[in-house]
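Next up, my_file-v2.tsv (TSV, C-alpha atoms and all ligand atoms):
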```
chain	number	residue	atom	x	y	z
L	1	MET	CA	142.64	80.23	112.95
L	2	LEU	CA	142.99	82.62	110.04
L	3	GLN	CA	146.27	83.44	108.43
L	4	LEU	CA	146.83	85.98	105.68
L	5	ASP	CA	150.17	85.82	103.91
L	6	HIS	CA	151.30	88.78	101.82
L	7	LEU	CA	147.82	89.30	100.48
L	8	THR	CA	147.69	91.66	97.51
L	9	LYS	CA	144.77	92.84	95.44
L	10	ARG	CA	144.85	95.30	92.54
L	11	TYR	CA	142.03	96.98	90.68
L	12	ALA	CA	143.64	97.97	87.35
L	13	THR	CA	146.52	100.24	88.42
L	14	LEU	CA	145.31	100.73	91.99
L	15	THR	CA	146.78	98.49	94.68
L	16	ALA	CA	143.89	98.19	97.14
L	17	LEU	CA	145.64	95.64	99.35
L	18	ASP	CA	149.39	95.71	99.48
L	19	GLY	CA	151.02	92.58	100.91
L	20	VAL	CA	148.97	92.23	104.08
L	21	SER	CA	150.07	89.54	106.51
L	22	LEU	CA	147.99	88.83	109.55
L	23	ARG	CA	147.17	86.05	111.99
L	24	ILE	CA	143.92	85.91	113.85
L	25	GLY	CA	143.42	83.44	116.67
L	26	ARG	CA	140.31	81.54	117.64
L	27	GLY	CA	137.93	83.63	119.72
L	28	GLU	CA	139.58	86.93	118.88
L	29	PHE	CA	137.55	90.06	118.28
L	30	PHE	CA	139.81	91.64	115.73
L	31	GLY	CA	139.28	95.22	114.61
L	32	LEU	CA	140.32	96.52	111.23
L	33	LEU	CA	140.41	100.28	111.67
L	34	GLY	CA	140.96	102.58	108.74
L	35	PRO	CA	139.42	105.45	106.77
L	36	ASN	CA	137.31	105.08	103.65
L	37	GLY	CA	139.30	103.55	100.82
L	38	ALA	CA	141.86	101.92	103.15
L	39	GLY	CA	141.18	98.44	101.78
L	40	LYS	CA	138.96	97.00	104.53
L	41	SER	CA	136.17	95.75	102.26
L	42	THR	CA	138.71	94.40	99.80
L	43	LEU	CA	140.30	92.35	102.58
L	44	MET	CA	136.88	91.08	103.69
L	45	SER	CA	135.89	90.14	100.15
L	46	LEU	CA	139.11	88.18	99.64
L	47	VAL	CA	138.66	86.23	102.88
L	48	ALA	CA	135.00	85.62	102.02
L	49	GLY	CA	136.04	84.31	98.61
L	50	LEU	CA	134.10	86.93	96.66
L	51	ARG	CA	137.29	88.00	94.92
L	52	ALA	CA	140.56	86.24	94.22
L	53	PRO	CA	143.82	87.81	95.41
L	54	ASP	CA	146.50	88.76	92.87
L	55	ALA	CA	149.14	87.42	95.21
L	56	GLY	CA	149.40	85.86	98.62
L	57	ALA	CA	147.49	83.19	100.46
L	58	ILE	CA	144.64	82.82	102.93
L	59	LEU	CA	144.72	79.88	105.32
L	60	LEU	CA	141.91	78.77	107.59
L	61	ASP	CA	143.04	76.36	110.29
L	62	GLY	CA	146.20	75.88	108.27
L	63	ARG	CA	144.40	74.96	105.03
L	64	PRO	CA	144.38	77.19	101.97
L	65	LEU	CA	141.09	78.93	101.45
L	66	THR	CA	140.52	78.68	97.73
L	67	ALA	CA	137.41	78.87	95.58
L	68	ALA	CA	137.47	75.09	95.30
L	69	ASN	CA	137.49	74.61	99.05
L	70	SER	CA	133.79	75.13	99.64
L	71	ALA	CA	133.74	73.12	102.86
L	72	ALA	CA	135.95	75.73	104.47
L	73	ARG	CA	133.69	78.51	103.20
L	74	THR	CA	130.81	77.34	105.37
L	75	ALA	CA	133.02	78.09	108.36
L	76	LEU	CA	132.73	81.78	107.40
L	77	GLY	CA	129.92	84.29	107.60
L	78	LEU	CA	130.02	87.69	105.93
L	79	VAL	CA	128.06	90.75	106.98
L	80	PRO	CA	128.60	92.92	103.90
L	81	GLN	CA	129.06	96.68	104.11
L	82	SER	CA	126.00	97.34	101.96
L	83	ILE	CA	122.84	95.66	103.20
L	84	ALA	CA	122.13	92.50	101.23
L	85	LEU	CA	118.47	91.71	101.87
L	86	TYR	CA	115.37	91.34	99.72
L	87	ASP	CA	113.32	94.49	100.22
L	88	ASP	CA	110.01	93.00	99.11
L	89	LEU	CA	110.21	90.00	101.39
L	90	SER	CA	109.57	89.82	105.12
L	91	ALA	CA	112.31	89.50	107.73
L	92	GLU	CA	111.41	85.84	108.22
L	93	GLN	CA	111.39	85.07	104.48
L	94	ASN	CA	114.79	86.70	104.11
L	95	LEU	CA	116.30	84.59	106.85
L	96	ARG	CA	114.73	81.43	105.44
L	97	ILE	CA	116.42	82.11	102.11
L	98	PHE	CA	119.81	82.63	103.74
L	99	GLY	CA	119.37	79.48	105.80
L	100	GLU	CA	118.36	77.43	102.78
L	101	LEU	CA	121.40	78.67	100.87
L	102	TYR	CA	123.46	77.00	103.57
L	103	GLY	CA	121.46	73.80	103.37
L	104	LEU	CA	119.24	74.24	106.42
L	105	ARG	CA	115.77	72.70	106.13
L	106	GLY	CA	112.60	71.92	108.05
L	107	ALA	CA	112.39	72.21	111.81
L	108	GLU	CA	116.04	73.14	112.20
L	109	LEU	CA	115.69	76.04	109.77
L	110	ARG	CA	112.52	77.25	111.51
L	111	ALA	CA	114.14	77.08	114.92
L	112	ARG	CA	117.24	78.97	113.82
L	113	VAL	CA	115.24	81.67	112.04
L	114	ALA	CA	113.09	82.16	115.14
L	115	GLU	CA	116.14	82.25	117.38
L	116	ALA	CA	117.88	84.77	115.09
L	117	LEU	CA	114.88	87.11	114.99
L	118	GLU	CA	114.64	86.92	118.77
L	119	ALA	CA	118.34	87.65	119.20
L	120	VAL	CA	118.08	91.02	117.44
L	121	GLN	CA	114.65	91.96	118.79
L	122	LEU	CA	112.84	91.56	115.47
L	123	ALA	CA	110.55	88.66	116.37
L	124	ASP	CA	107.47	90.88	116.52
L	125	ARG	CA	108.31	92.31	113.09
L	126	ARG	CA	109.04	88.98	111.43
L	127	ARG	CA	106.17	89.19	108.95
L	128	ASP	CA	106.84	92.80	107.93
L	129	LEU	CA	108.56	93.62	104.66
L	130	VAL	CA	112.18	94.62	104.97
L	131	LYS	CA	111.53	97.82	103.02
L	132	THR	CA	109.40	99.06	105.93
L	133	PHE	CA	112.35	98.64	108.34
L	134	SER	CA	114.59	101.43	109.64
L	135	GLY	CA	118.28	101.35	108.67
L	136	GLY	CA	119.14	99.96	112.09
L	137	MET	CA	116.61	97.14	111.84
L	138	GLN	CA	117.89	96.19	108.39
L	139	ARG	CA	121.44	96.16	109.76
L	140	ARG	CA	120.43	93.86	112.60
L	141	LEU	CA	118.74	91.48	110.19
L	142	ASN	CA	121.71	91.61	107.83
L	143	LEU	CA	123.89	90.63	110.78
L	144	VAL	CA	121.98	87.55	111.91
L	145	ALA	CA	121.51	86.40	108.31
L	146	ALA	CA	125.27	85.79	108.23
L	147	LEU	CA	125.14	83.64	111.36
L	148	LEU	CA	122.29	81.23	110.60
L	149	HIS	CA	124.65	78.49	109.48
L	150	ARG	CA	126.71	78.99	112.67
L	151	PRO	CA	130.05	79.92	111.15
L	152	LYS	CA	133.09	79.98	113.44
L	153	LEU	CA	134.48	83.14	111.82
L	154	LEU	CA	132.31	86.19	111.23
L	155	LEU	CA	133.42	89.00	108.94
L	156	CYS	CA	131.61	92.22	109.81
L	157	ASP	CA	132.21	95.01	107.33
L	158	GLU	CA	131.27	98.37	108.90
L	159	PRO	CA	128.02	96.98	110.30
L	160	THR	CA	126.94	100.16	112.08
L	161	VAL	CA	127.19	102.79	109.36
L	162	GLY	CA	123.93	104.75	109.20
L	163	VAL	CA	122.56	103.09	112.33
L	164	ASP	CA	120.73	104.80	115.19
L	165	PRO	CA	122.44	104.65	118.61
L	166	GLN	CA	119.95	102.11	119.96
L	167	SER	CA	120.50	99.62	117.13
L	168	ARG	CA	124.21	100.28	117.34
L	169	ASN	CA	124.24	99.25	120.98
L	170	ALA	CA	122.10	96.20	120.17
L	171	ILE	CA	124.64	95.19	117.52
L	172	PHE	CA	127.56	95.68	119.94
L	173	ASP	CA	125.87	93.66	122.67
L	174	PHE	CA	124.91	90.90	120.25
L	175	LEU	CA	128.42	90.60	118.81
L	176	SER	CA	130.11	90.77	122.20
L	177	ALA	CA	127.88	87.97	123.47
L	178	ARG	CA	128.66	85.80	120.43
L	179	ALA	CA	132.37	86.49	120.89
L	180	ARG	CA	132.17	85.40	124.53
L	181	GLU	CA	130.63	82.15	123.29
L	182	GLY	CA	133.72	81.60	121.15
L	183	LEU	CA	132.89	83.16	117.79
L	184	THR	CA	135.90	84.71	116.07
L	185	VAL	CA	135.09	88.14	114.67
L	186	ILE	CA	136.84	90.41	112.20
L	187	TYR	CA	135.21	93.80	112.48
L	188	SER	CA	136.02	96.66	110.14
L	189	THR	CA	135.25	100.23	111.04
L	190	HIS	CA	136.39	103.79	110.62
L	191	TYR	CA	135.09	104.68	114.09
L	192	MET	CA	137.89	104.58	116.64
L	193	GLU	CA	135.28	104.41	119.44
L	194	GLU	CA	134.04	101.07	118.10
L	195	ALA	CA	137.51	99.59	117.79
L	196	THR	CA	138.34	100.84	121.29
L	197	ARG	CA	135.17	99.46	122.82
L	198	LEU	CA	134.83	96.12	121.06
L	199	CYS	CA	138.12	94.78	119.86
L	200	SER	CA	140.67	92.68	121.71
L	201	ARG	CA	143.23	93.43	119.02
L	202	ILE	CA	143.31	96.12	116.37
L	203	GLY	CA	145.03	96.47	113.01
L	204	ILE	CA	145.29	99.98	111.64
L	205	ILE	CA	144.99	99.92	107.87
L	206	ASP	CA	145.58	102.61	105.28
L	207	HIS	CA	146.34	102.49	101.57
L	208	GLY	CA	146.14	98.71	101.65
L	209	LYS	CA	148.80	98.29	104.34
L	210	ILE	CA	148.61	97.35	107.99
L	211	LEU	CA	150.42	100.24	109.69
L	212	SER	CA	150.17	99.08	113.27
L	213	LEU	CA	148.91	95.98	115.02
L	214	GLY	CA	148.24	95.09	118.63
L	215	THR	CA	145.99	95.45	121.65
L	216	LEU	CA	144.77	98.94	122.44
L	217	ASP	CA	147.44	99.26	125.14
L	218	GLU	CA	150.19	98.08	122.83
L	219	LEU	CA	149.12	100.52	120.13
L	220	LEU	CA	148.82	103.54	122.38
L	221	THR	CA	151.83	103.00	124.65
L	222	PRO	CA	154.32	104.73	122.33
L	223	LEU	CA	152.23	107.91	122.31
L	224	PRO	CA	152.58	110.49	125.08
L	225	PHE	CA	149.68	111.35	127.37
L	226	GLU	CA	148.27	114.82	126.88
L	227	GLU	CA	148.56	116.85	130.04
L	228	GLU	CA	147.05	120.17	130.79
L	229	ILE	CA	147.68	122.22	133.92
L	230	ARG	CA	145.79	125.40	134.78
L	231	PHE	CA	146.56	128.13	137.26
L	232	PRO	CA	144.36	130.95	138.47
L	233	ALA	CA	145.65	134.34	137.32
L	234	THR	CA	147.77	135.87	140.11
L	235	PRO	CA	150.90	138.01	140.05
L	236	GLY	CA	152.83	134.74	140.37
L	237	THR	CA	151.44	133.31	137.15
L	238	ALA	CA	152.96	136.24	135.25
L	239	VAL	CA	156.36	135.12	136.55
L	240	LEU	CA	155.54	131.54	135.63
L	241	GLY	CA	154.51	132.70	132.17
L	242	GLU	CA	157.90	134.43	131.80
L	243	ARG	CA	159.79	131.31	132.91
L	244	LEU	CA	157.91	129.05	130.53
L	245	ARG	CA	158.12	131.35	127.55
L	246	GLY	CA	159.53	129.53	124.58
L	247	GLN	CA	158.47	126.13	125.86
L	248	GLY	CA	155.29	126.31	123.85
L	249	GLY	CA	151.84	125.18	124.85
L	250	LEU	CA	151.29	128.20	127.08
L	251	THR	CA	148.04	130.17	126.77
L	252	ALA	CA	146.02	132.53	128.92
L	253	VAL	CA	142.35	131.55	128.89
L	254	ASP	CA	139.52	133.08	130.90
L	255	GLY	CA	141.90	134.77	133.29
L	256	THR	CA	143.80	131.54	133.92
L	257	LEU	CA	147.13	130.43	132.63
L	258	ARG	CA	146.99	127.15	130.78
L	259	PHE	CA	150.09	125.08	130.18
L	260	ARG	CA	150.23	122.03	127.93
L	261	PRO	CA	153.47	120.21	128.59
L	262	ARG	CA	155.22	118.71	125.61
L	263	ALA	CA	156.17	115.05	125.52
L	264	ASP	CA	159.71	115.97	126.62
L	265	THR	CA	158.67	118.26	129.48
L	266	ARG	CA	159.71	116.92	132.87
L	267	LEU	CA	156.66	117.34	135.04
L	268	SER	CA	158.63	116.95	138.27
L	269	ALA	CA	160.78	119.95	137.32
L	270	PHE	CA	157.68	121.85	136.29
L	271	PHE	CA	155.96	121.27	139.62
L	272	ALA	CA	159.15	122.16	141.52
L	273	LEU	CA	159.04	125.52	139.72
L	274	THR	CA	155.37	126.18	140.47
L	275	GLU	CA	155.97	125.14	144.08
L	276	SER	CA	158.84	127.62	144.42
L	277	LEU	CA	156.60	130.37	143.05
L	278	GLY	CA	153.87	129.42	145.49
L	279	LEU	CA	151.43	128.60	142.70
L	280	PRO	CA	148.88	125.90	143.40
L	281	PRO	CA	147.60	124.33	140.18
L	282	ARG	CA	143.84	124.60	139.95
L	283	LEU	CA	143.32	121.82	137.49
L	284	PHE	CA	145.50	118.99	136.27
L	285	THR	CA	144.25	116.65	133.57
L	286	SER	CA	146.11	113.84	131.94
L	287	GLN	CA	144.49	112.26	128.94
L	288	ARG	CA	145.34	108.98	127.36
L	289	PRO	CA	146.08	109.27	123.65
L	290	THR	CA	143.40	107.93	121.32
L	291	LEU	CA	143.47	105.73	118.24
L	292	GLU	CA	142.62	108.88	116.31
L	293	ALA	CA	145.83	110.46	117.62
L	294	LEU	CA	147.74	107.31	116.68
L	295	PHE	CA	146.35	107.39	113.15
L	296	LEU	CA	147.29	111.04	112.84
L	297	HIS	CA	150.77	110.19	114.15
L	298	LEU	CA	151.15	107.33	111.64
L	299	THR	CA	149.71	109.02	108.55
L	300	GLY	CA	149.54	112.75	109.21
L	301	ARG	CA	145.83	112.57	108.45
L	302	ASN	CA	142.56	112.13	110.32
L	303	LEU	CA	140.58	108.90	110.32
L	304	ARG	CA	137.47	110.65	109.12
L	305	GLU	CA	137.34	112.74	106.03
L	401	LIG	N1	135.61	97.11	92.34
L	401	LIG	C1	136.54	98.07	92.40
L	401	LIG	N2	137.11	98.57	91.29
L	401	LIG	C2	138.05	99.52	91.36
L	401	LIG	N3	138.51	100.05	92.50
L	401	LIG	C3	137.98	99.60	93.65
L	401	LIG	C4	136.97	98.60	93.67
L	401	LIG	N4	136.64	98.35	94.96
L	401	LIG	C5	137.40	99.16	95.70
L	401	LIG	N5	138.21	99.92	94.92
L	401	LIG	C6	139.21	100.87	95.42
L	401	LIG	O1	140.11	100.17	96.25
L	401	LIG	C7	140.45	100.93	97.39
L	401	LIG	C8	140.05	100.18	98.64
L	401	LIG	O2	138.64	100.10	98.67
L	401	LIG	P1	137.87	99.35	99.82
L	401	LIG	O3	138.48	98.01	100.02
L	401	LIG	O4	136.42	99.41	99.47
L	401	LIG	O5	138.19	100.27	101.08
L	401	LIG	P2	137.38	100.47	102.44
L	401	LIG	O6	136.44	99.33	102.59
L	401	LIG	O7	138.44	100.50	103.50
L	401	LIG	O8	136.68	101.77	102.34
L	401	LIG	C9	139.76	102.27	97.21
L	401	LIG	O9	140.67	103.18	96.64
L	401	LIG	C10	138.61	101.95	96.29
L	401	LIG	O10	138.24	103.09	95.56
L	402	MG	MG	134.48	99.31	102.90
```

Re-express the file's structure as structure tokens.
Ligand SMILES: Nc1ncnc2c1ncn2[C@@H]1O[C@H](COP(=O)(O)OP(=O)(O)O)[C@@H](O)[C@H]1O
Ligand SMILES: [Mg+2]
Amino acid sequence: MLQLDHLTKRYATLTALDGVSLRIGRGEFFGLLGPNGAGKSTLMSLVAGLRAPDAGAILLDGRPLTAANSAARTALGLVPQSIALYDDLSAEQNLRIFGELYGLRGAELRARVAEALEAVQLADRRRDLVKTFSGGMQRRLNLVAALLHRPKLLLCDEPTVGVDPQSRNAIFDFLSARAREGLTVIYSTHYMEEATRLCSRIGIIDHGKILSLGTLDELLTPLPFEEEIRFPATPGTAVLGERLRGQGGLTAVDGTLRFRPRADTRLSAFFALTESLGLPPRLFTSQRPTLEALFLHLTGRNLRE
């Protein structure tokens, strides 16, 4: 549905987007995961046509998406990172303005505004001024404003920043339901939990480059699981401690011996050793790596500053 070819955007000497190529299929819930300054909003603004790329092309259904191609633009909806609503107008008035901008009128406009307010549980607040709304309520309104004209591709730029957990869940549920109905979503975030929970495919972005791309499983498969094995302190664990010295990851905590195998540790050999010493492990945990761990692995830095 959407194809980005070697997309590049510079601000003076800074390359905010550095030759990004990407294909997003119809009905995908695509996550763009990266820290602040990675280039997420720049990518969104190029796709939304708010800025022109310095190089590269954007194709929607195989057709170039240029400023002149306004018909294609109506296929897109943008939920901008900073809330774009009129503070001194009511929720309903705001939605009417957005609808009218997309050419909706009369009964159809009224019906869609009502439906949108209902969808994000703001119907009973429709006549209240937006400036009296909580951050989460404004976010929810900002979200449905981008969908009034029923775009087939929705660009959501960090839609949950500064949102209470309840509104956050409402936003997740709303977007997941729309995605199940066939809406294609590009969702940017610096929260790995959101990418993990929502997205069918994830692109990890940093310094304007896509570093890794795939489903959660595909992304995390190359990373080792993190195992931890604990033993109660007995005379035998002292022997075990001796045997494992130099292998790293060995600590004594709360009277128990804790061993964190490295990626190259053979667990079968390890358990054969503990068996021969007559040491029953008290606790064995094996944890799947996270997107945070992947980001650290790829960049040497954390996702969050
Ligand atoms: N209008 C602008 N002028 C100059 N630099 C900008 C502008 N917008 C963004 N940048 C810079 O481009 C880089 C990418 O920014 P942005 O796309 O907003 O990242 P993100 O949305 O991932 O936080 C950052 O280094 C940012 O400071
Ligand atoms: Mg941004």

- May I have the residues within 9 Å of Leu277 in chain L as a list in words, using all atoms listed in the file and disregarding those fewer than 4 positions away in the same chain?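 Here the answer would be Gly236, Thr237, Val239, Leu240, Ala272 and Leu273 of chain L.
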
- Message: As a quick test: using all atoms listed in the file, which residues lie no more than 7 Å away from ligand MG 402 (chain L)? Give them as a PyMOL selection string.
- Response: chain L and resi 36-37+39-41+81+157-158

- Task: Identify which of the residues L:Pro289, L:Pro261, L:Gly135, L:Gly278 lies closest to Asp87 in chain L, counting all atoms listed in the file when measuring atom-to-atom distances.
- Result: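 Under the stated criterion, the closest residue is L:Gly135.
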
Select the residues contacting ligand LIG 401 (chain L) at a distance of at most 10 Å, based on all atoms listed in the file, then format the selection as a PDB file with C-alpha atoms, keeping the file's coordinate frame.
```pdb
ATOM      1  CA  LYS L   9     144.770  92.840  95.440  1.00  0.00           C
ATOM      2  CA  ARG L  10     144.850  95.300  92.540  1.00  0.00           C
ATOM      3  CA  TYR L  11     142.030  96.980  90.680  1.00  0.00           C
ATOM      4  CA  ALA L  12     143.640  97.970  87.350  1.00  0.00           C
ATOM      5  CA  THR L  13     146.520 100.240  88.420  1.00  0.00           C
ATOM      6  CA  LEU L  14     145.310 100.730  91.990  1.00  0.00           C
ATOM      7  CA  THR L  15     146.780  98.490  94.680  1.00  0.00           C
ATOM      8  CA  ALA L  16     143.890  98.190  97.140  1.00  0.00           C
ATOM      9  CA  LEU L  17     145.640  95.640  99.350  1.00  0.00           C
ATOM     10  CA  LEU L  32     140.320  96.520 111.230  1.00  0.00           C
ATOM     11  CA  LEU L  33     140.410 100.280 111.670  1.00  0.00           C
ATOM     12  CA  GLY L  34     140.960 102.580 108.740  1.00  0.00           C
ATOM     13  CA  PRO L  35     139.420 105.450 106.770  1.00  0.00           C
ATOM     14  CA  ASN L  36     137.310 105.080 103.650  1.00  0.00           C
ATOM     15  CA  GLY L  37     139.300 103.550 100.820  1.00  0.00           C
ATOM     16  CA  ALA L  38     141.860 101.920 103.150  1.00  0.00           C
ATOM     17  CA  GLY L  39     141.180  98.440 101.780  1.00  0.00           C
ATOM     18  CA  LYS L  40     138.960  97.000 104.530  1.00  0.00           C
ATOM     19  CA  SER L  41     136.170  95.750 102.260  1.00  0.00           C
ATOM     20  CA  THR L  42     138.710  94.400  99.800  1.00  0.00           C
ATOM     21  CA  LEU L  43     140.300  92.350 102.580  1.00  0.00           C
ATOM     22  CA  MET L  44     136.880  91.080 103.690  1.00  0.00           C
ATOM     23  CA  SER L  45     135.890  90.140 100.150  1.00  0.00           C
ATOM     24  CA  LEU L  46     139.110  88.180  99.640  1.00  0.00           C
ATOM     25  CA  ARG L  51     137.290  88.000  94.920  1.00  0.00           C
ATOM     26  CA  GLN L  81     129.060  96.680 104.110  1.00  0.00           C
ATOM     27  CA  ASP L 157     132.210  95.010 107.330  1.00  0.00           C
ATOM     28  CA  GLU L 158     131.270  98.370 108.900  1.00  0.00           C
ATOM     29  CA  SER L 188     136.020  96.660 110.140  1.00  0.00           C
ATOM     30  CA  THR L 189     135.250 100.230 111.040  1.00  0.00           C
ATOM     31  CA  HIS L 190     136.390 103.790 110.620  1.00  0.00           C
ATOM     32  CA  ILE L 205     144.990  99.920 107.870  1.00  0.00           C
ATOM     33  CA  ASP L 206     145.580 102.610 105.280  1.00  0.00           C
ATOM     34  CA  HIS L 207     146.340 102.490 101.570  1.00  0.00           C
ATOM     35  CA  GLY L 208     146.140  98.710 101.650  1.00  0.00           C
TER      36      GLY L 208
END
```

- Message: One number please: CA of Val130 in chain L to CA of Thr184 in chain L, in Å, one decimal.
- Response: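 Answer for the CA of Val130 in chain L to CA of Thr184 in chain L separation: 28.0 Å.
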
- Best match for closeness to Ala145 in chain L among L:Arg304, L:Arg110, L:Arg96, L:Lys209, counting all atoms listed in the file: L:Arg96

Kindly provide the residues of range 185-258 of chain L that approach range 18-29 of chain L to within 7 Å, each paired with its closest atom pair and their distance in Å to one decimal, based on only C-alpha atoms, listed by chain and increasing number, as a tab-separated table.
```
residue	atom	partner	partner_atom	distance
L:Val185	CA	L:Phe29	CA	4.8
L:Ile186	CA	L:Phe29	CA	6.1
L:Cys199	CA	L:Phe29	CA	5.0
L:Ser200	CA	L:Phe29	CA	5.3
L:Arg201	CA	L:Phe29	CA	6.6
L:Gly208	CA	L:Asp18	CA	4.9
L:Lys209	CA	L:Asp18	CA	5.5
L:Ile210	CA	L:Val20	CA	6.5
```

- In Å to one decimal, how far is CA of Phe259 in chain L from CA of Leu244 in chain L?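 According to the coordinates, CA of Leu244 in chain L and CA of Phe259 in chain L are separated by 8.8 Å.
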